[in-house]
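Q: One structure, as structure tokens, below. Some questions next.
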Amino acid sequence: MSKVKRALLSSLAVAGALTIGAQSGVADEFDGVEVNILTRPGPVIAQRIVERGEEFTEMTGAKINVAEVPFAELFQKLLTDWSTGTNSIDVGVFASGWAVEMVDGGLLQDLDAYVAADPDINIDDIAPYFREYNQKIGGKTYLITLDGDFQMLYYRRDVLEQLGKEPPRTWAEYMDVAAAAHGTDMNGDGEPDFGSCIFKKRNAQSYFAVMSIAAAYVQTQGTGEGIFFDPETMAPKVNNEAWAEAFRVYKATGEYGPPDELNHDIGDTRALVQGGRCALAIDWGDIGPLSIDPSGAPIKDKMGAVIMPGTPRVLDTATGKLVDCDASRCPNATDGINFAPFAAFGGWSGAINKNADERTKEAAYKFLSYMNQAAQSNVDVTIGWTGYNPYRNSQLDNLEPWVEAGFSQEFAENYLGAIKQSLNHPNMASDIRVPGAAQYTSQILDRELARFLADEITAEQAVANIEEAWEEVTEDFGRDSQQTMYKLSLGVTN
Amino acid sequence: MTTVDPSGADPIGAGPVAAGRPARKASAALPRSFKERPPGPGARFSEWLDAQAKTLFIMPAVTLILIFSVFPLVASIVIAFGRVRLRGGGYTYRFVGLRNFEKQLFGSEQYHFLGVFTEISVFGWMMIIGAAVFLIWWLIRYVRRKFWWLGFIGRLITASLAFGLVALFAATTASGNQFGTLGVTLLYVGIGCLVQFSIGLGLALLCSQPIRGKTFFRVTFFVPLMITPIGIGYAFRMLADTQKGPFAPAWQWVGLGDFSWATDPWAARSIIVLADSWQWIPFIFVVLLAALENTPKDYVEAAEVDGAGGWQIFREITWPQIMPVAATVMLIRVIEGFKLVDLPNIMTSGGPGIATESMTLHALFAWRSLDLGQSAAISYLLLFVTVVICVSFFNMVVLARARNT
């Protein structure tokens, strides 16, 4: 039997099974089937999977088991389990960027046939970036999006109004607002609070923040340009004034932050924001729903969100220097300011182990689809503690669920407007999606950033070290294959 | 030829293990015709079993050691000499020779593993020259006094490592440069073990005295040892929090409310040593207390009658008696100290910068990002340092004392 025929038949079989399953939606459809899912520790991300899993068990009979490991160990645990043939995990819920290495290793199930046969997922409702970019690798669907991730700037509307300041559009304005607000009491507890809160702990999420800052300095020509490498040579685009300036800006924000910010991860920062102690903060979409959570009482109806700050000075790739924006250099700039909202992390997404048995794969797909479907996800994204942020058009366009969840009309418009502005920006910057992504960023970039923040090295030394170490990783993985994957990740097909 | 009961039965009821030797001795008294009778199949099996008994009994233990200890050791050295990538159906392996070690010692990871070498200070040079002179004198003295080639090679390895570590200290800390994960590990081991031993011994000496509530103190001092290191890491992180921790008012009262230990390299290292000491002092305390309570009291009483002071009694009578136990407990602590990973991982994630990153944490970070070759290479470098230091300590402290007595 030819490969084409085999593929066609198996697709038809999958399609048939899914169609029957989807139409019936009957209890006991997957009686006796267990789906083992591995993800980060709850309640963020994991807890909602557990709860939706219980609903799914009632509906179909499939048992959903959720195991949790620390974020820093999630990638290697999944890769080890699947590559060594242990196969104790059927579904991984992880950063979409990690999937490139897994697909390269032949570990993930191609989900195109499943999606094509699924009448409930309403794939066109998923925002184009997440549908075509986050879920697909090399044109094939390997992931089902559960969360849409962009970093944005959050500000306290009441504090800025008191100070007579506008939401910052550039990093210079950010510093100005942070300096003015720093030391004032923002939550009425009599204690001086902080002008800026951005997580800076090593081996946590700090490298996402610096990439978000660097994006506007580095990328001007649109998403296809990329912020990490020269797509034509795969030479690192990091040892230059743009990245060095991003490092300096990131460090300078600490001047207006809590004294132990160097040891703060995203959880510590969010606790401060929810406690009403921060005038400005950089975060994913979570702050919006967290502000209506009972633990966020001090900031309820006081938060605002805007696109990540931009810069009027950008990288000249020929010289590695920062130069002023002009019409040709910054074609996507607004008022001479170059913005490049960064799709940090890409979003938590579910992928299925290629070597799981067929019944388990069917049940796993149906469960991921169930979580992704608007009926469930449009509720989940409005709840702060779930960690899920909007990724469907219906979530971004329809204010009703947000208002029902407790958002004011004004903040719902503001919050969703900032996400839409980021998502639809022509100069949106993509996260790194090549094999070895963890080494490039969470190991090398994170370490050099931490050394710079701790005054061990200068920004120039840090970016030079990163360049040298990135070149070694590229050589290890193979320059040509890395270049191909990087181009694909940017949507460059020629 | 071994002669046994052809039936294979044990005539004296001593069991199969005892059947060999008594039978051989008894054979002399048997008539010649009986002795020369060829053994039956049962006897031959018993004979074979007897000969193989040692191998059979030891086989399960050797097999377990081979599977769980030697095989991973060999597999990891193979990984240390290569680049491994996990893929569907297994992995791909590319041999790269010593490149992983070279990267740590001389390449792009040198600053991370060894530290930063820019300019060596005058004091640093003096230390290096002083160490070189002392170690050469030490080797020459050994050659002149009693030369044994194996002993000389061992001392040469010890001297080389000692010189390397002194040179590392001279080129980094003593010259105002930053040291890497090797230096951090040695700091945890050196300072930590010293602090733990001093306090553990002090507490053991106190609890060995006839004081009230002795049992209560013993139990109380022992509790930290039973807590998981991860729990201790989180507990100390909370306790040391200058903003929200229970001692925050005290920090603010002394004007350190805006100071964060986590952002200062030496403060962060000190807190980690403090947490590690809090956990391990009980171990030293319990072992040394047992040693103290087993020392004969009559020597001490005789010394007291002769008018010896407390310090004199400790130095001349108590210490020599507990010294072998103290050396052993220190050896165990040093080995454990080299493997410190939970506390810096939980409390600082190796930060600020790489200031609190131990070698084990360094290897763990490389392993997390699936750089398995680098991770294995760092682990082998750690193994080398640990083995040389511990064997040298055992030879020069424990065995030297045994030879002298």
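Here, A, B, ... name the chains of the structure tokens in the order displayed, residue numbers run from 1 inside each chain, and ligands are numbered from 1 in the same displayed order.
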How close does each residue of chain B get to chain A, giving the shortest atom pair and distance in Å to one decimal for every residue with an atom at most 6 Å away, counting only C-alpha atoms, sorted by chain and residue number, as a tab-separated table?
A:
residue	atom	partner	partner_atom	distance
B:Leu86	CA	A:Ser83	CA	5.7
B:Arg87	CA	A:Gly105	CA	4.2
B:Gly88	CA	A:Ser83	CA	4.6
B:Gly89	CA	A:Ser83	CA	5.5
B:Gly90	CA	A:Thr84	CA	4.9
B:Asp258	CA	A:Pro259	CA	5.6
B:Ser260	CA	A:Asp260	CA	5.1
B:Ser349	CA	A:Arg202	CA	6.0
B:Pro352	CA	A:Ala454	CA	5.3
B:Gly353	CA	A:Arg451	CA	3.8
B:Arg368	CA	A:Glu73	CA	5.9
B:Ser369	CA	A:Gln439	CA	5.4
Q: What's around B:Ile199 at 10 Å? Count only C-alpha atoms, leave out sequence neighbours fewer than 3 positions away in its own chain, and write the answer as a list of chain:residue names.
A: B:Cys193, B:Leu194, B:Val195, B:Gln196, B:Gly202, B:Leu203, B:Ala204, B:Leu205, B:Ser277, B:Trp278, B:Ile281, B:Pro282, B:Ile284, B:Phe285
Q: Using the selection just defined, write its residues with N, CA and C atoms as a PDB file, in the first residue's frame.
A:
ATOM      1  N   CYS B 193      31.209  23.326  56.390  1.00  0.00           N
ATOM      2  CA  CYS B 193      31.634  22.202  57.242  1.00  0.00           C
ATOM      3  C   CYS B 193      32.330  22.706  58.502  1.00  0.00           C
ATOM      4  N   LEU B 194      33.106  23.775  58.364  1.00  0.00           N
ATOM      5  CA  LEU B 194      33.805  24.329  59.534  1.00  0.00           C
ATOM      6  C   LEU B 194      32.797  24.829  60.573  1.00  0.00           C
ATOM      7  N   VAL B 195      31.821  25.593  60.097  1.00  0.00           N
ATOM      8  CA  VAL B 195      30.785  26.136  60.994  1.00  0.00           C
ATOM      9  C   VAL B 195      29.996  24.994  61.635  1.00  0.00           C
ATOM     10  N   GLN B 196      29.606  24.051  60.787  1.00  0.00           N
ATOM     11  CA  GLN B 196      28.776  22.947  61.282  1.00  0.00           C
ATOM     12  C   GLN B 196      29.531  22.092  62.296  1.00  0.00           C
ATOM     13  N   GLY B 202      30.416  21.744  69.754  1.00  0.00           N
ATOM     14  CA  GLY B 202      30.098  22.534  70.948  1.00  0.00           C
ATOM     15  C   GLY B 202      28.819  22.055  71.615  1.00  0.00           C
ATOM     16  N   LEU B 203      27.789  21.844  70.797  1.00  0.00           N
ATOM     17  CA  LEU B 203      26.509  21.368  71.348  1.00  0.00           C
ATOM     18  C   LEU B 203      26.650  19.961  71.929  1.00  0.00           C
ATOM     19  N   ALA B 204      27.435  19.117  71.278  1.00  0.00           N
ATOM     20  CA  ALA B 204      27.640  17.754  71.782  1.00  0.00           C
ATOM     21  C   ALA B 204      28.361  17.793  73.129  1.00  0.00           C
ATOM     22  N   LEU B 205      29.341  18.669  73.225  1.00  0.00           N
ATOM     23  CA  LEU B 205      30.070  18.793  74.504  1.00  0.00           C
ATOM     24  C   LEU B 205      29.128  19.279  75.610  1.00  0.00           C
ATOM     25  N   SER B 277      23.770  24.860  57.353  1.00  0.00           N
ATOM     26  CA  SER B 277      24.307  24.552  58.687  1.00  0.00           C
ATOM     27  C   SER B 277      23.172  24.184  59.640  1.00  0.00           C
ATOM     28  N   TRP B 278      22.064  24.913  59.535  1.00  0.00           N
ATOM     29  CA  TRP B 278      20.925  24.640  60.419  1.00  0.00           C
ATOM     30  C   TRP B 278      20.462  23.194  60.234  1.00  0.00           C
ATOM     31  N   ILE B 281      24.004  20.622  61.283  1.00  0.00           N
ATOM     32  CA  ILE B 281      24.617  20.626  62.622  1.00  0.00           C
ATOM     33  C   ILE B 281      24.081  19.455  63.457  1.00  0.00           C
ATOM     34  N   PRO B 282      22.781  19.163  63.421  1.00  0.00           N
ATOM     35  CA  PRO B 282      22.274  18.036  64.208  1.00  0.00           C
ATOM     36  C   PRO B 282      22.954  16.707  63.900  1.00  0.00           C
ATOM     37  N   ILE B 284      26.062  16.202  62.918  1.00  0.00           N
ATOM     38  CA  ILE B 284      27.381  16.195  63.569  1.00  0.00           C
ATOM     39  C   ILE B 284      27.195  16.091  65.080  1.00  0.00           C
ATOM     40  N   PHE B 285      26.204  16.811  65.573  1.00  0.00           N
ATOM     41  CA  PHE B 285      25.913  16.804  67.015  1.00  0.00           C
ATOM     42  C   PHE B 285      25.605  15.392  67.509  1.00  0.00           C
TER      43      PHE B 285
END
Q: Any idea what's packed within 8 Å of A:Tyr250, counting only C-alpha atoms, ignoring anything in its chain fewer than 3 positions away? Could you give it as a ChimeraX atom specification?
A: /A:209-210,213,246-247,253-254
Q: Distance atom CA of A:Phe199-atom CA of A:Ile266, one decimal place?
A: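 These atoms are spaced 5.5 Å apart.
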Q: Using only C-alpha atoms, find the one residue out of B:Gly154, B:Gly130, B:Gly192, B:Gly373 that sits nearest to B:Val166.
A: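 Residue with the minimum atom-to-atom distance to B:Val166: B:Gly130.
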Q: I need the residue nearest B:Glu301 from this list: B:Ala167, B:Ile317, B:Ile322, B:Ala275. Use only C-alpha atoms for the distance.
A: B:Ile317
Q: Could you pull the residues within 12 Å of B:Val341, counting only C-alpha atoms, minus those fewer than 2 positions along the same chain, as a ChimeraX atom specification?
A: /B:181,184-185,188,229-230,233,272-273,276,336-339,343-350,356-365
Q: Which polymer residues have any atom within 12 Å of an atom of A:Gln421, counting only C-alpha atoms, with same-chain residues fewer than 5 positions away left out, as a PDB file with C-alpha atoms, in the first residue's frame?
A:
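The file below, part-v2.pdb, is the result:
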ATOM      1  CA  PHE A 150       1.638  38.642  24.723  1.00  0.00           C
ATOM      2  CA  GLN A 151       3.418  40.846  27.178  1.00  0.00           C
ATOM      3  CA  MET A 152       1.842  44.220  27.775  1.00  0.00           C
ATOM      4  CA  ALA A 305      -3.264  48.209  29.760  1.00  0.00           C
ATOM      5  CA  VAL A 306      -1.349  49.361  26.690  1.00  0.00           C
ATOM      6  CA  ILE A 307       0.923  47.839  24.086  1.00  0.00           C
ATOM      7  CA  MET A 308       4.562  47.354  25.204  1.00  0.00           C
ATOM      8  CA  PHE A 339       6.667  49.330  18.516  1.00  0.00           C
ATOM      9  CA  ALA A 340       7.224  45.586  18.347  1.00  0.00           C
ATOM     10  CA  PRO A 341       4.859  43.720  20.693  1.00  0.00           C
ATOM     11  CA  PHE A 342       6.525  40.453  21.578  1.00  0.00           C
ATOM     12  CA  LEU A 396     -11.530  39.604  21.939  1.00  0.00           C
ATOM     13  CA  GLU A 413     -12.453  47.670  26.202  1.00  0.00           C
ATOM     14  CA  ASN A 414      -9.049  48.923  27.274  1.00  0.00           C
ATOM     15  CA  TYR A 415      -7.651  45.482  28.127  1.00  0.00           C
ATOM     16  CA  LEU A 416      -8.931  43.687  25.038  1.00  0.00           C
ATOM     17  CA  PRO A 426       2.448  44.426  11.592  1.00  0.00           C
ATOM     18  CA  ASN A 427       5.737  44.583  13.499  1.00  0.00           C
ATOM     19  CA  MET A 428       4.760  41.976  16.094  1.00  0.00           C
TER      20      MET A 428
END
Q: Tell me which protein, DNA and RNA residues are within 12 Å of A:Glu400, counting only C-alpha atoms, leaving out same-chain ones fewer than 6 positions away, and put them as a list in words.
A: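 Near neighbours after the sequence-gap exclusion: Asn378, Val379, Thr382, Ser394, Gly406, Phe407, Ser408, Gln409, Ala412, Glu413 and Leu416 of chain A.
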Q: Could you list, as JSON, numbers by chain, every residue within 7 Å of stretch 58-67 of chain A, counting only C-alpha atoms and ignoring same-chain residues fewer than 3 positions away?
A: {"A": [25, 26, 27, 28, 29, 30, 31, 32, 33, 34, 35, 36, 37, 38, 39, 50, 53, 54, 55, 363]}
Q: Work out how far apart atom CA of A:Tyr133 and atom CA of A:Ala113 are and give it in Å to one decimal.
A: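 Going from atom CA of A:Tyr133 over to atom CA of A:Ala113, I get 17.6 Å.
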